[in-house]
>>> print(open('work.pdb').read())   # PDB, C-alpha atoms
ATOM      1  CA  MET I  14       7.528  -8.524 -15.916
ATOM      2  CA  SER I  15       9.490  -5.516 -17.186
ATOM      3  CA  LEU I  16       6.336  -3.369 -17.414
ATOM      4  CA  MET I  17       5.542  -4.223 -13.813
ATOM      5  CA  ILE I  18       9.072  -3.342 -12.684
ATOM      6  CA  LEU I  19       8.871  -0.022 -14.545
ATOM      7  CA  GLY I  20       5.569   0.600 -12.764
ATOM      8  CA  ILE I  21       7.174  -0.150  -9.398
ATOM      9  CA  LEU I  22       9.944   2.341 -10.152
ATOM     10  CA  LEU I  23       7.405   4.981 -11.207
ATOM     11  CA  TRP I  24       5.652   4.416  -7.876
ATOM     12  CA  VAL I  25       8.736   4.341  -5.644
ATOM     13  CA  LEU I  26      10.803   7.183  -7.110
ATOM     14  CA  PRO I  27       8.174   9.963  -6.931
ATOM     15  CA  HIS I  28       7.142   8.843  -3.452
ATOM     16  CA  SER I  29      10.781   8.842  -2.294
ATOM     17  CA  PHE I  30      11.993  11.974  -4.127
ATOM     18  CA  LYS I  31      10.957  14.296  -1.289
ATOM     19  CA  ARG I  32      12.990  12.233   1.184
ATOM     20  CA  LEU I  33      16.022  11.548  -1.022
ATOM     21  CA  ALA I  34      16.399  15.070  -2.451
ATOM     22  CA  PRO I  35      14.511  17.472  -0.177
ATOM     23  CA  ARG I  36      16.143  20.659  -1.537
ATOM     24  CA  LYS I  37      15.499  19.740  -5.145
ATOM     25  CA  HIS I  38      11.927  18.811  -4.234
ATOM     26  CA  LEU I  39      11.360  22.228  -2.628
ATOM     27  CA  MET I  40      12.847  24.027  -5.640
ATOM     28  CA  LEU I  41      10.365  22.280  -7.937
ATOM     29  CA  MET I  42       7.280  23.152  -5.872
ATOM     30  CA  PRO I  43       4.372  23.395  -6.666
ATOM     31  CA  GLN I  44       4.749  21.757 -10.113
ATOM     32  CA  ILE I  45       6.355  18.651  -8.652
ATOM     33  CA  LYS I  46       3.078  17.605  -6.995
ATOM     34  CA  ALA I  47       1.332  17.276 -10.368
ATOM     35  CA  ILE I  48       4.343  15.514 -11.894
ATOM     36  CA  ASP I  49       4.554  13.098  -8.942
ATOM     37  CA  ALA I  50       0.823  12.361  -9.128
ATOM     38  CA  ALA I  51       1.029  11.664 -12.868
ATOM     39  CA  LEU I  52       4.059   9.375 -12.490
ATOM     40  CA  ILE I  53       2.430   7.485  -9.612
ATOM     41  CA  LEU I  54      -0.801   7.039 -11.576
ATOM     42  CA  ILE I  55       1.107   5.788 -14.632
ATOM     43  CA  GLY I  56       3.211   3.548 -12.366
ATOM     44  CA  THR I  57       0.103   2.040 -10.791
ATOM     45  CA  ALA I  58      -1.401   1.326 -14.209
ATOM     46  CA  LEU I  59       1.866  -0.268 -15.395
ATOM     47  CA  MET I  60       2.073  -2.416 -12.254
ATOM     48  CA  VAL I  61      -1.444  -3.753 -12.843
ATOM     49  CA  ILE I  62      -0.968  -4.283 -16.595
ATOM     50  CA  GLY I  63       2.496  -5.777 -16.131
ATOM     51  CA  TYR I  64       1.366  -8.067 -13.317
ATOM     52  CA  ARG I  65      -1.606  -9.334 -15.315
ATOM     53  CA  ALA I  66       0.555  -9.846 -18.429
ATOM     54  CA  THR I  67       3.306 -11.795 -16.657
ATOM     55  CA  GLU I  68       3.557 -15.367 -17.896
ATOM     56  CA  ALA I  69       2.722 -18.066 -15.400
ATOM     57  CA  MET I  70       5.827 -19.447 -13.709
ATOM     58  CA  PRO I  71       6.253 -22.085 -11.027
ATOM     59  CA  ASN I  72       5.637 -20.791  -7.516
ATOM     60  CA  LEU I  73       8.634 -19.891  -5.398
ATOM     61  CA  TYR I  74       6.573 -21.187  -2.455
ATOM     62  CA  ASP I  75       3.105 -22.583  -1.968
ATOM     63  CA  PRO I  76       0.855 -20.633   0.374
ATOM     64  CA  LEU I  77      -0.275 -22.555   3.431
ATOM     65  CA  PRO I  78      -3.911 -23.675   3.536
ATOM     66  CA  GLY I  79      -6.199 -21.112   5.111
ATOM     67  CA  MET I  80      -3.911 -18.141   4.509
ATOM     68  CA  GLY I  81      -6.779 -16.448   2.691
ATOM     69  CA  HIS I  82      -8.373 -15.759   6.068
ATOM     70  CA  ALA I  83      -5.156 -14.154   7.344
ATOM     71  CA  ASN I  84      -4.962 -12.138   4.126
ATOM     72  CA  ASN I  85      -8.532 -10.883   4.493
ATOM     73  CA  THR I  86      -7.995  -9.886   8.129
ATOM     74  CA  LEU I  87      -4.711  -8.107   7.411
ATOM     75  CA  MET I  88      -6.314  -6.300   4.467
ATOM     76  CA  LEU I  89      -9.123  -5.009   6.675
ATOM     77  CA  ILE I  90      -6.556  -3.668   9.158
ATOM     78  CA  ALA I  91      -4.409  -2.210   6.344
ATOM     79  CA  ILE I  92      -7.335  -0.327   4.822
ATOM     80  CA  TYR I  93      -8.276   0.994   8.256
ATOM     81  CA  LEU I  94      -4.714   2.262   8.762
ATOM     82  CA  PHE I  95      -4.805   4.008   5.362
ATOM     83  CA  GLY I  96      -7.682   6.128   6.688
ATOM     84  CA  VAL I  97      -6.282   7.024  10.125
ATOM     85  CA  GLY I  98      -4.914  10.441   9.116
ATOM     86  CA  GLY I  99      -7.856  11.563   7.035
ATOM     87  CA  SER I 100     -10.454  10.553   9.593
ATOM     88  CA  ARG I 101      -8.679  11.984  12.638
ATOM     89  CA  SER I 102      -8.754   8.567  14.327
ATOM     90  CA  ILE I 103      -7.643   8.158  17.947
ATOM     91  CA  LEU I 104      -4.549   6.465  16.492
ATOM     92  CA  ILE I 105      -3.438   9.655  14.717
ATOM     93  CA  ASP I 106      -1.194  10.771  17.585
ATOM     94  CA  LYS I 107      -0.115   7.241  18.538
ATOM     95  CA  MET I 108       1.289   5.980  15.210
ATOM     96  CA  ARG I 109       3.819   7.913  13.200
ATOM     97  CA  HIS I 110       3.320   5.968   9.967
ATOM     98  CA  PRO I 111      -0.211   4.556   9.767
ATOM     99  CA  MET I 112      -0.389   4.644   5.945
ATOM    100  CA  LEU I 113       3.033   3.086   5.472
ATOM    101  CA  THR I 114       2.231   0.473   8.121
ATOM    102  CA  GLY I 115      -0.981  -0.225   6.207
ATOM    103  CA  MET I 116       1.049  -0.568   3.007
ATOM    104  CA  LEU I 117       3.399  -3.028   4.701
ATOM    105  CA  LEU I 118       0.445  -5.082   5.983
ATOM    106  CA  TRP I 119      -1.086  -4.991   2.476
ATOM    107  CA  SER I 120       2.180  -6.337   1.092
ATOM    108  CA  VAL I 121       2.529  -9.095   3.698
ATOM    109  CA  ALA I 122      -1.145 -10.079   3.265
ATOM    110  CA  HIS I 123      -0.654 -10.552  -0.464
ATOM    111  CA  LEU I 124       2.608 -12.469   0.002
ATOM    112  CA  LEU I 125       0.788 -14.897   2.312
ATOM    113  CA  VAL I 126      -1.481 -16.029  -0.540
ATOM    114  CA  ASN I 127       0.685 -15.522  -3.640
ATOM    115  CA  GLY I 128       3.912 -17.452  -4.131
ATOM    116  CA  ASP I 129       4.489 -16.795  -7.826
ATOM    117  CA  PRO I 130       7.558 -14.758  -8.886
ATOM    118  CA  ALA I 131       5.535 -11.772 -10.164
ATOM    119  CA  SER I 132       3.692 -11.496  -6.841
ATOM    120  CA  VAL I 133       6.885 -11.800  -4.832
ATOM    121  CA  VAL I 134       8.517  -9.031  -6.895
ATOM    122  CA  LEU I 135       5.483  -6.709  -6.813
ATOM    123  CA  PHE I 136       4.317  -7.119  -3.222
ATOM    124  CA  GLY I 137       7.825  -7.614  -1.867
ATOM    125  CA  ALA I 138       9.115  -4.448  -3.549
ATOM    126  CA  LEU I 139       6.224  -2.328  -2.298
ATOM    127  CA  GLY I 140       6.601  -3.742   1.226
ATOM    128  CA  LEU I 141      10.327  -2.974   1.191
ATOM    129  CA  TRP I 142       9.565   0.526  -0.096
ATOM    130  CA  ALA I 143       7.177   1.117   2.842
ATOM    131  CA  VAL I 144       9.859   0.088   5.354
ATOM    132  CA  ALA I 145      12.532   2.198   3.606
ATOM    133  CA  GLU I 146      10.193   5.203   3.525
ATOM    134  CA  MET I 147       9.577   4.880   7.292
ATOM    135  CA  VAL I 148      13.323   4.799   7.898
ATOM    136  CA  LEU I 149      13.891   7.871   5.678
ATOM    137  CA  ILE I 150      11.103   9.817   7.404
ATOM    138  CA  ASN I 151      12.426   8.899  10.849
ATOM    139  CA  ARG I 152      15.931  10.024   9.880
ATOM    140  CA  ALA I 153      14.614  13.344   8.545
ATOM    141  CA  GLY I 154      13.699  14.554  12.009
ATOM    142  CA  PRO I 155      11.597  14.102  15.097
ATOM    143  CA  TRP I 156       7.877  13.450  14.878
ATOM    144  CA  LYS I 157       5.608  16.410  15.481
ATOM    145  CA  LYS I 158       2.560  14.660  16.889
ATOM    146  CA  PRO I 159      -0.768  15.864  15.520
ATOM    147  CA  LYS I 160      -3.640  16.803  17.793
ATOM    148  CA  PRO I 161      -5.410  13.764  19.243
ATOM    149  CA  GLY I 162      -8.273  12.335  17.255
ATOM    150  CA  SER I 163     -11.665  11.157  18.437
ATOM    151  CA  LEU I 164     -13.898   8.104  18.418
ATOM    152  CA  LYS I 165     -16.067   9.970  15.902
ATOM    153  CA  GLY I 166     -13.086   9.856  13.555
ATOM    154  CA  ASP I 167     -12.726   6.127  14.172
ATOM    155  CA  LEU I 168     -16.389   5.544  13.396
ATOM    156  CA  LYS I 169     -16.059   7.448  10.100
ATOM    157  CA  ASN I 170     -12.909   5.496   9.310
ATOM    158  CA  LEU I 171     -14.589   2.168  10.110
ATOM    159  CA  ILE I 172     -17.531   2.951   7.815
ATOM    160  CA  GLY I 173     -15.162   4.051   5.044
ATOM    161  CA  THR I 174     -12.980   0.977   5.592
ATOM    162  CA  LEU I 175     -15.912  -1.416   5.264
ATOM    163  CA  MET I 176     -17.193   0.331   2.132
ATOM    164  CA  PHE I 177     -13.757   0.388   0.491
ATOM    165  CA  TYR I 178     -13.110  -3.226   1.531
ATOM    166  CA  GLY I 179     -16.383  -4.237  -0.125
ATOM    167  CA  ILE I 180     -15.375  -2.497  -3.352
ATOM    168  CA  ILE I 181     -11.953  -4.188  -3.286
ATOM    169  CA  VAL I 182     -13.541  -7.620  -2.752
ATOM    170  CA  TRP I 183     -15.998  -7.010  -5.602
ATOM    171  CA  VAL I 184     -13.231  -5.883  -8.004
ATOM    172  CA  HIS I 185     -10.999  -8.823  -7.044
ATOM    173  CA  GLN I 186     -13.845 -11.267  -7.644
ATOM    174  CA  LEU I 187     -14.453  -9.722 -11.079
ATOM    175  CA  VAL I 188     -10.764  -9.828 -11.997
ATOM    176  CA  ILE I 189      -9.650 -13.066 -10.302
ATOM    177  CA  GLY I 190     -12.921 -14.914 -10.742
ATOM    178  CA  HIS I 191     -13.280 -16.674  -7.410
ATOM    179  CA  GLY I 192     -14.484 -15.871  -3.916
ATOM    180  CA  LEU I 193     -12.005 -14.265  -1.558
ATOM    181  CA  PHE I 194     -13.523 -15.758   1.573
ATOM    182  CA  LEU I 195     -12.774 -19.411   0.876
ATOM    183  CA  GLY I 196      -9.622 -19.442   3.021
ATOM    184  CA  THR I 197      -7.458 -21.068   0.355
ATOM    185  CA  TYR I 198      -6.808 -19.654  -3.076
ATOM    186  CA  PRO I 199      -6.197 -21.866  -6.145
TER     187      PRO I 199
END
>>> encode(input="work.pdb", output="structure tokens")
Amino acid sequence: MSLMILGILLWVLPHSFKRLAPRKHLMLMPQIKAIDAALILIGTALMVIGYRATEAMPNLYDPLPGMGHANNTLMLIAIYLFGVGGSRSILIDKMRHPMLTGMLLWSVAHLLVNGDPASVVLFGALGLWAVAEMVLINRAGPWKKPKPGSLKGDLKNLIGTLMFYGIIVWVHQLVIGHGLFLGTYP
């Protein structure tokens, strides 16, 4: 689990550096962007490798039957929220933190169907990070609302969401080895 925890730290610290040390972050521009990207990529790889390598332990809780359906629905919404800013969705000027809200939903969705200690650490930590990041951003200053988006942006986002969701389902079925639409996971 130590590799996974190192990966979590390599994800959280670069993402939070701008908020925790804004002056230092500005002084290191533009090189810091490449360093942050590299650390986040390495962190993501370590989270996946560490999670997969964690020894099986007794569940801290057993997911309720049918939570797979809730997971799948929340994941669809989370992926949609990830794309709100890039697609210029009509939500762009109505939600301050669509990506972080998506990350929180992603975390909750995975906690609904995974009660093992590694899952609780990984998904719980990333969910807590998303909430902490929202708090730090809100404390940094008022929100400068972007220009309103359009339904055209929502349509693009919906198409992208469905395509990305399909890829995620396919990869999960390859890695996990069972269908994600059964409602209950083994």
>>> residues_around(input="work.pdb", residues="Thr67 in chain I", least_positions_apart="2", cutoff="12 Å", atoms="all atoms listed in the file", output="PyMOL selection string")
chain I and resi 14-18+59-65+69-70+129-132+134-135
>>> resolve_selection(input="work.pdb", expression="the PyMOL selection byres ((chain I and resi 147) around 12)", output="list in words")
His28, Ser29, Arg32, Met108, Arg109, His110, Pro111, Met112, Leu113, Thr114, Gly115, Met116, Leu117, Gly140, Leu141, Trp142, Ala143, Val144, Ala145, Glu146, Val148, Leu149, Ile150, Asn151, Arg152, Ala153, Gly154 and Trp156 of chain I
>>> atom_distance(input="work.pdb", atom1="CA of Asn72 in chain I", atom2="CA of Gly128 in chain I")
5.1 Å
>>> resolve_selection(input="work.pdb", expression="the PyMOL selection byres ((chain I and resi 177-183) around 9)", output="PyMOL selection string")
chain I and resi 88-89+92+172-176+184-188+192-193
>>> write_last_selection(input="work.pdb", atoms="C-alpha atoms", output="CSV table (one decimal), in the frame of the given file")
chain,number,residue,atom,x,y,z
I,88,MET,CA,-6.3,-6.3,4.5
I,89,LEU,CA,-9.1,-5.0,6.7
I,92,ILE,CA,-7.3,-0.3,4.8
I,172,ILE,CA,-17.5,3.0,7.8
I,173,GLY,CA,-15.2,4.1,5.0
I,174,THR,CA,-13.0,1.0,5.6
I,175,LEU,CA,-15.9,-1.4,5.3
I,176,MET,CA,-17.2,0.3,2.1
I,184,VAL,CA,-13.2,-5.9,-8.0
I,185,HIS,CA,-11.0,-8.8,-7.0
I,186,GLN,CA,-13.8,-11.3,-7.6
I,187,LEU,CA,-14.5,-9.7,-11.1
I,188,VAL,CA,-10.8,-9.8,-12.0
I,192,GLY,CA,-14.5,-15.9,-3.9
I,193,LEU,CA,-12.0,-14.3,-1.6
>>> resolve_selection(input="work.pdb", expression="the PyMOL selection byres ((chain I and resi 121) around 9)", output="PDB file with C-alpha atoms, keeping the file's coordinate frame")
ATOM      1  CA  ASN I  84      -4.962 -12.138   4.126  1.00  0.00           C
ATOM      2  CA  LEU I  87      -4.711  -8.107   7.411  1.00  0.00           C
ATOM      3  CA  MET I 116       1.049  -0.568   3.007  1.00  0.00           C
ATOM      4  CA  LEU I 117       3.399  -3.028   4.701  1.00  0.00           C
ATOM      5  CA  LEU I 118       0.445  -5.082   5.983  1.00  0.00           C
ATOM      6  CA  TRP I 119      -1.086  -4.991   2.476  1.00  0.00           C
ATOM      7  CA  SER I 120       2.180  -6.337   1.092  1.00  0.00           C
ATOM      8  CA  ALA I 122      -1.145 -10.079   3.265  1.00  0.00           C
ATOM      9  CA  HIS I 123      -0.654 -10.552  -0.464  1.00  0.00           C
ATOM     10  CA  LEU I 124       2.608 -12.469   0.002  1.00  0.00           C
ATOM     11  CA  LEU I 125       0.788 -14.897   2.312  1.00  0.00           C
ATOM     12  CA  PHE I 136       4.317  -7.119  -3.222  1.00  0.00           C
ATOM     13  CA  GLY I 137       7.825  -7.614  -1.867  1.00  0.00           C
ATOM     14  CA  GLY I 140       6.601  -3.742   1.226  1.00  0.00           C
TER      15      GLY I 140
END
>>> residues_around(input="work.pdb", residues="Ala50 in chain I", least_positions_apart="5", cutoff="12 Å", atoms="only C-alpha atoms", output="PyMOL selection string")
chain I and resi 23-28+43-45+55-57
>>> decode(input="work.pdb", residues="range 74-104 of chain I", atoms="N, CA and C atoms", output="PDB file, in the first residue's frame")
ATOM      1  N   TYR I  74     -16.137  -2.606   5.165  1.00  0.00           N
ATOM      2  CA  TYR I  74     -17.599  -2.669   5.061  1.00  0.00           C
ATOM      3  C   TYR I  74     -17.940  -3.417   3.784  1.00  0.00           C
ATOM      4  N   ASP I  75     -19.109  -4.001   3.761  1.00  0.00           N
ATOM      5  CA  ASP I  75     -19.575  -4.691   2.566  1.00  0.00           C
ATOM      6  C   ASP I  75     -20.537  -3.782   1.820  1.00  0.00           C
ATOM      7  N   PRO I  76     -20.277  -3.567   0.540  1.00  0.00           N
ATOM      8  CA  PRO I  76     -21.190  -2.726  -0.241  1.00  0.00           C
ATOM      9  C   PRO I  76     -22.593  -3.331  -0.273  1.00  0.00           C
ATOM     10  N   LEU I  77     -23.576  -2.484  -0.264  1.00  0.00           N
ATOM     11  CA  LEU I  77     -24.968  -2.928  -0.329  1.00  0.00           C
ATOM     12  C   LEU I  77     -25.263  -3.494  -1.717  1.00  0.00           C
ATOM     13  N   PRO I  78     -26.163  -4.463  -1.795  1.00  0.00           N
ATOM     14  CA  PRO I  78     -26.535  -5.006  -3.106  1.00  0.00           C
ATOM     15  C   PRO I  78     -27.084  -3.901  -4.015  1.00  0.00           C
ATOM     16  N   GLY I  79     -26.721  -3.961  -5.270  1.00  0.00           N
ATOM     17  CA  GLY I  79     -27.223  -3.005  -6.238  1.00  0.00           C
ATOM     18  C   GLY I  79     -26.469  -1.690  -6.309  1.00  0.00           C
ATOM     19  N   MET I  80     -25.441  -1.517  -5.486  1.00  0.00           N
ATOM     20  CA  MET I  80     -24.704  -0.261  -5.496  1.00  0.00           C
ATOM     21  C   MET I  80     -23.933  -0.046  -6.805  1.00  0.00           C
ATOM     22  N   GLY I  81     -23.767  -1.121  -7.562  1.00  0.00           N
ATOM     23  CA  GLY I  81     -23.112  -0.971  -8.866  1.00  0.00           C
ATOM     24  C   GLY I  81     -23.886  -0.039  -9.772  1.00  0.00           C
ATOM     25  N   HIS I  82     -25.208  -0.070  -9.687  1.00  0.00           N
ATOM     26  CA  HIS I  82     -26.029   0.827 -10.503  1.00  0.00           C
ATOM     27  C   HIS I  82     -25.819   2.281 -10.078  1.00  0.00           C
ATOM     28  N   ALA I  83     -25.756   2.519  -8.771  1.00  0.00           N
ATOM     29  CA  ALA I  83     -25.497   3.877  -8.274  1.00  0.00           C
ATOM     30  C   ALA I  83     -24.113   4.334  -8.721  1.00  0.00           C
ATOM     31  N   ASN I  84     -23.135   3.428  -8.630  1.00  0.00           N
ATOM     32  CA  ASN I  84     -21.783   3.733  -9.074  1.00  0.00           C
ATOM     33  C   ASN I  84     -21.785   4.144 -10.539  1.00  0.00           C
ATOM     34  N   ASN I  85     -22.418   3.352 -11.393  1.00  0.00           N
ATOM     35  CA  ASN I  85     -22.415   3.630 -12.821  1.00  0.00           C
ATOM     36  C   ASN I  85     -23.072   4.972 -13.133  1.00  0.00           C
ATOM     37  N   THR I  86     -24.160   5.280 -12.448  1.00  0.00           N
ATOM     38  CA  THR I  86     -24.851   6.554 -12.668  1.00  0.00           C
ATOM     39  C   THR I  86     -23.988   7.725 -12.214  1.00  0.00           C
ATOM     40  N   LEU I  87     -23.408   7.608 -11.013  1.00  0.00           N
ATOM     41  CA  LEU I  87     -22.544   8.677 -10.514  1.00  0.00           C
ATOM     42  C   LEU I  87     -21.320   8.868 -11.407  1.00  0.00           C
ATOM     43  N   MET I  88     -20.787   7.778 -11.941  1.00  0.00           N
ATOM     44  CA  MET I  88     -19.626   7.888 -12.829  1.00  0.00           C
ATOM     45  C   MET I  88     -19.983   8.630 -14.115  1.00  0.00           C
ATOM     46  N   LEU I  89     -21.145   8.381 -14.652  1.00  0.00           N
ATOM     47  CA  LEU I  89     -21.589   9.082 -15.855  1.00  0.00           C
ATOM     48  C   LEU I  89     -21.683  10.588 -15.587  1.00  0.00           C
ATOM     49  N   ILE I  90     -22.253  10.943 -14.437  1.00  0.00           N
ATOM     50  CA  ILE I  90     -22.366  12.357 -14.061  1.00  0.00           C
ATOM     51  C   ILE I  90     -20.971  12.955 -13.826  1.00  0.00           C
ATOM     52  N   ALA I  91     -20.104  12.202 -13.137  1.00  0.00           N
ATOM     53  CA  ALA I  91     -18.751  12.696 -12.849  1.00  0.00           C
ATOM     54  C   ALA I  91     -17.989  12.985 -14.140  1.00  0.00           C
ATOM     55  N   ILE I  92     -18.047  12.073 -15.081  1.00  0.00           N
ATOM     56  CA  ILE I  92     -17.331  12.271 -16.346  1.00  0.00           C
ATOM     57  C   ILE I  92     -17.893  13.481 -17.087  1.00  0.00           C
ATOM     58  N   TYR I  93     -19.211  13.645 -17.041  1.00  0.00           N
ATOM     59  CA  TYR I  93     -19.825  14.812 -17.670  1.00  0.00           C
ATOM     60  C   TYR I  93     -19.291  16.095 -17.032  1.00  0.00           C
ATOM     61  N   LEU I  94     -19.212  16.114 -15.706  1.00  0.00           N
ATOM     62  CA  LEU I  94     -18.719  17.309 -15.007  1.00  0.00           C
ATOM     63  C   LEU I  94     -17.253  17.592 -15.332  1.00  0.00           C
ATOM     64  N   PHE I  95     -16.455  16.554 -15.558  1.00  0.00           N
ATOM     65  CA  PHE I  95     -15.054  16.759 -15.950  1.00  0.00           C
ATOM     66  C   PHE I  95     -14.963  17.578 -17.241  1.00  0.00           C
ATOM     67  N   GLY I  96     -15.943  17.421 -18.129  1.00  0.00           N
ATOM     68  CA  GLY I  96     -15.899  18.080 -19.424  1.00  0.00           C
ATOM     69  C   GLY I  96     -16.602  19.417 -19.508  1.00  0.00           C
ATOM     70  N   VAL I  97     -17.212  19.883 -18.419  1.00  0.00           N
ATOM     71  CA  VAL I  97     -17.990  21.125 -18.457  1.00  0.00           C
ATOM     72  C   VAL I  97     -17.159  22.318 -18.924  1.00  0.00           C
ATOM     73  N   GLY I  98     -15.979  22.503 -18.390  1.00  0.00           N
ATOM     74  CA  GLY I  98     -15.155  23.663 -18.748  1.00  0.00           C
ATOM     75  C   GLY I  98     -14.658  23.619 -20.178  1.00  0.00           C
ATOM     76  N   GLY I  99     -14.188  22.470 -20.607  1.00  0.00           N
ATOM     77  CA  GLY I  99     -13.635  22.348 -21.944  1.00  0.00           C
ATOM     78  C   GLY I  99     -14.669  22.416 -23.049  1.00  0.00           C
ATOM     79  N   SER I 100     -15.902  22.077 -22.735  1.00  0.00           N
ATOM     80  CA  SER I 100     -16.938  22.053 -23.765  1.00  0.00           C
ATOM     81  C   SER I 100     -17.786  23.326 -23.781  1.00  0.00           C
ATOM     82  N   ARG I 101     -17.550  24.203 -22.835  1.00  0.00           N
ATOM     83  CA  ARG I 101     -18.347  25.423 -22.706  1.00  0.00           C
ATOM     84  C   ARG I 101     -19.823  25.096 -22.487  1.00  0.00           C
ATOM     85  N   SER I 102     -20.074  24.149 -21.591  1.00  0.00           N
ATOM     86  CA  SER I 102     -21.418  23.711 -21.233  1.00  0.00           C
ATOM     87  C   SER I 102     -22.216  24.859 -20.628  1.00  0.00           C
ATOM     88  N   ILE I 103     -23.547  24.726 -20.595  1.00  0.00           N
ATOM     89  CA  ILE I 103     -24.363  25.759 -19.950  1.00  0.00           C
ATOM     90  C   ILE I 103     -24.118  25.806 -18.443  1.00  0.00           C
ATOM     91  N   LEU I 104     -23.468  24.778 -17.905  1.00  0.00           N
ATOM     92  CA  LEU I 104     -23.150  24.770 -16.471  1.00  0.00           C
ATOM     93  C   LEU I 104     -21.899  25.581 -16.148  1.00  0.00           C
TER      94      LEU I 104
END
